[in-house]
Amino acid sequence: MSNFIMNILTFFQEMGYVGIALGLMIEIIPSELVLGFGGYLIGTGVINFWGALLAGVIGGTFAQLFLYWAGYFGGRPFLLKYGKYIFIKETQIDAAEQWFEKYGVGVVFTARFIPIVRHAISIPAGIAKMSFVKFTGYTIAAMIPWTVLFLLLGNMLGENWTQIKHIAQPIIVPIIIVAVIGGIIYTIWKRKQEPPIVIVTKRK
């Protein structure tokens, strides 16, 4: 792991729980590494699990709220112009929009576990003016298992926590499959609940 990342993580460590929240909020380095390092710190007794979980959920949720608000108030042109400064590429925005259009608001939850669209899915949700309460609820619901998973893995790996992305791969793949299938099932069910469109024509 590069000295740059280690220096940032050391800086976050000095801030304790605030450091974990901040690390997830600004997304300088992948959330898996921030949470894996948090799990390692839990094992060494520097922080406790519940505090780290709360910090992780808060930080991860605020990171997505920022993108939601950017999409809500700035729209696609704003993100295309300034997205590069927050590590959001046009390809990610395109993919996230396609997923949102195809699977609807439920994808805000399932996409959290899927690479590429994971960080950008909040953008089309904001552009579509998705309910703030519903968006926040889906985001928190997804952040909890994601945070728990990597905190536990980081704790179990101990000093080998830097290998967390490699170790987590066999676990993440089944989660991605389940998330995609779940999203499809939810979309089909949701569409069946919608009342049929009735076209009324005037008699001549």
# chains A, B, ... in the order shown; residues from 1 in each chain; ligands from 1

$ residues_around --residues "A:Gly56" --least-positions-apart "6" --cutoff "10 Å" --atoms "only C-alpha atoms" --output "NGL selection string"
:A and (17-25 or 31 or 34-35 or 38 or 50 or 62 or 143-144 or 146-148 or 151)

$ residues_around --residues "A:Thr162" --least-positions-apart "6" --cutoff "12 Å" --atoms "only C-alpha atoms" --output "list in words"
Met1, Ser2, Ile5, Met6, Leu9, Pro30, Glu32, Leu33, Val34, Leu35, Gly36, Phe37, Gly38, Gly39, Tyr40, Phe150, Leu153, Gly154, Asn155, Met156 and Ala168 of chain A

$ write_last_selection --atoms "C-alpha atoms" --output "PDB file, in the first residue's frame"
ATOM      1  CA  MET A   1       0.000   0.000   0.000  1.00  0.00           C
ATOM      2  CA  SER A   2       1.310   3.468  -0.914  1.00  0.00           C
ATOM      3  CA  ILE A   5      -2.741   6.230   1.632  1.00  0.00           C
ATOM      4  CA  MET A   6      -1.040   5.183   4.865  1.00  0.00           C
ATOM      5  CA  LEU A   9      -5.170   6.742   7.291  1.00  0.00           C
ATOM      6  CA  PRO A  30     -11.873   3.479  -1.138  1.00  0.00           C
ATOM      7  CA  GLU A  32     -13.217  -0.711   1.920  1.00  0.00           C
ATOM      8  CA  LEU A  33      -9.765   0.401   3.048  1.00  0.00           C
ATOM      9  CA  VAL A  34     -11.068   3.013   5.472  1.00  0.00           C
ATOM     10  CA  LEU A  35     -13.401   0.508   7.105  1.00  0.00           C
ATOM     11  CA  GLY A  36     -10.812  -2.266   6.987  1.00  0.00           C
ATOM     12  CA  PHE A  37      -8.392  -0.003   8.818  1.00  0.00           C
ATOM     13  CA  GLY A  38     -11.193   0.827  11.251  1.00  0.00           C
ATOM     14  CA  GLY A  39     -11.664  -2.885  11.895  1.00  0.00           C
ATOM     15  CA  TYR A  40      -7.944  -3.209  12.578  1.00  0.00           C
ATOM     16  CA  PHE A 150     -15.585  -4.494   6.303  1.00  0.00           C
ATOM     17  CA  LEU A 153     -13.086  -8.342   8.041  1.00  0.00           C
ATOM     18  CA  GLY A 154     -10.543  -5.714   9.071  1.00  0.00           C
ATOM     19  CA  ASN A 155     -10.773  -6.909  12.658  1.00  0.00           C
ATOM     20  CA  MET A 156     -10.320 -10.572  11.701  1.00  0.00           C
ATOM     21  CA  ALA A 168     -13.391  -9.622   0.407  1.00  0.00           C
TER      22      ALA A 168
END

$ closest_residue --among "A:Gln64, A:Thr136, A:Thr110, A:Thr44" --to "A:Leu157" --atoms "only C-alpha atoms"
A:Thr44

$ closest_residue --among "A:Leu53, A:Ile88, A:Leu67, A:Val105" --to "A:Gly126" --atoms "only C-alpha atoms"
A:Leu67

$ closest_residue --among "A:Ala120, A:Phe11, A:Leu54, A:Gly104" --to "A:Leu80" --atoms "only C-alpha atoms"
A:Ala120

$ atom_distance --atom1 "atom CA of A:Tyr68" --atom2 "atom CA of A:Glu97"
12.7 Å

$ closest_atom_pairs --of "stretch 5-79 of chain A" --to "stretch 128-133 of chain A" --cutoff "12 Å" --atoms "only C-alpha atoms" --output "CSV"
residue,atom,partner,partner_atom,distance
A:Gln64,CA,A:Phe132,CA,11.5
A:Leu65,CA,A:Phe132,CA,9.0
A:Phe66,CA,A:Phe132,CA,11.9
A:Tyr68,CA,A:Phe132,CA,8.7
A:Trp69,CA,A:Phe132,CA,9.4
A:Ala70,CA,A:Lys129,CA,11.1
A:Gly71,CA,A:Ala128,CA,8.2
A:Tyr72,CA,A:Lys129,CA,5.9
A:Phe73,CA,A:Lys129,CA,9.2
A:Gly74,CA,A:Lys129,CA,11.5
A:Gly75,CA,A:Ala128,CA,9.2
A:Arg76,CA,A:Ala128,CA,10.6

$ closest_residue --among "A:Ile47, A:Ala141, A:Ala125, A:Ile8" --to "A:Glu101" --atoms "only C-alpha atoms"
A:Ala125

$ residues_around --residues "A:Val117" --least-positions-apart "4" --cutoff "6 Å" --atoms "only C-alpha atoms" --output "MDAnalysis selection string"
chainID A and resid 92 96 121

$ select_by_dssp --residues "stretch 16-178 of chain A" --states "alpha helix (DSSP H)" --output "ChimeraX atom specification"
/A:17-26,31-43,49-69,75-82,90-103,107-110,122-127,132-157,164-178

$ residues_around --residues "A:Lys89" --least-positions-apart "5" --cutoff "10 Å" --atoms "only C-alpha atoms" --output "JSON, numbers by chain"
{"A": [79, 80, 81, 82, 83, 84, 94, 116, 120]}

$ atom_distance --atom1 "atom CA of A:Tyr85" --atom2 "atom CA of A:Ile28"
10.6 Å
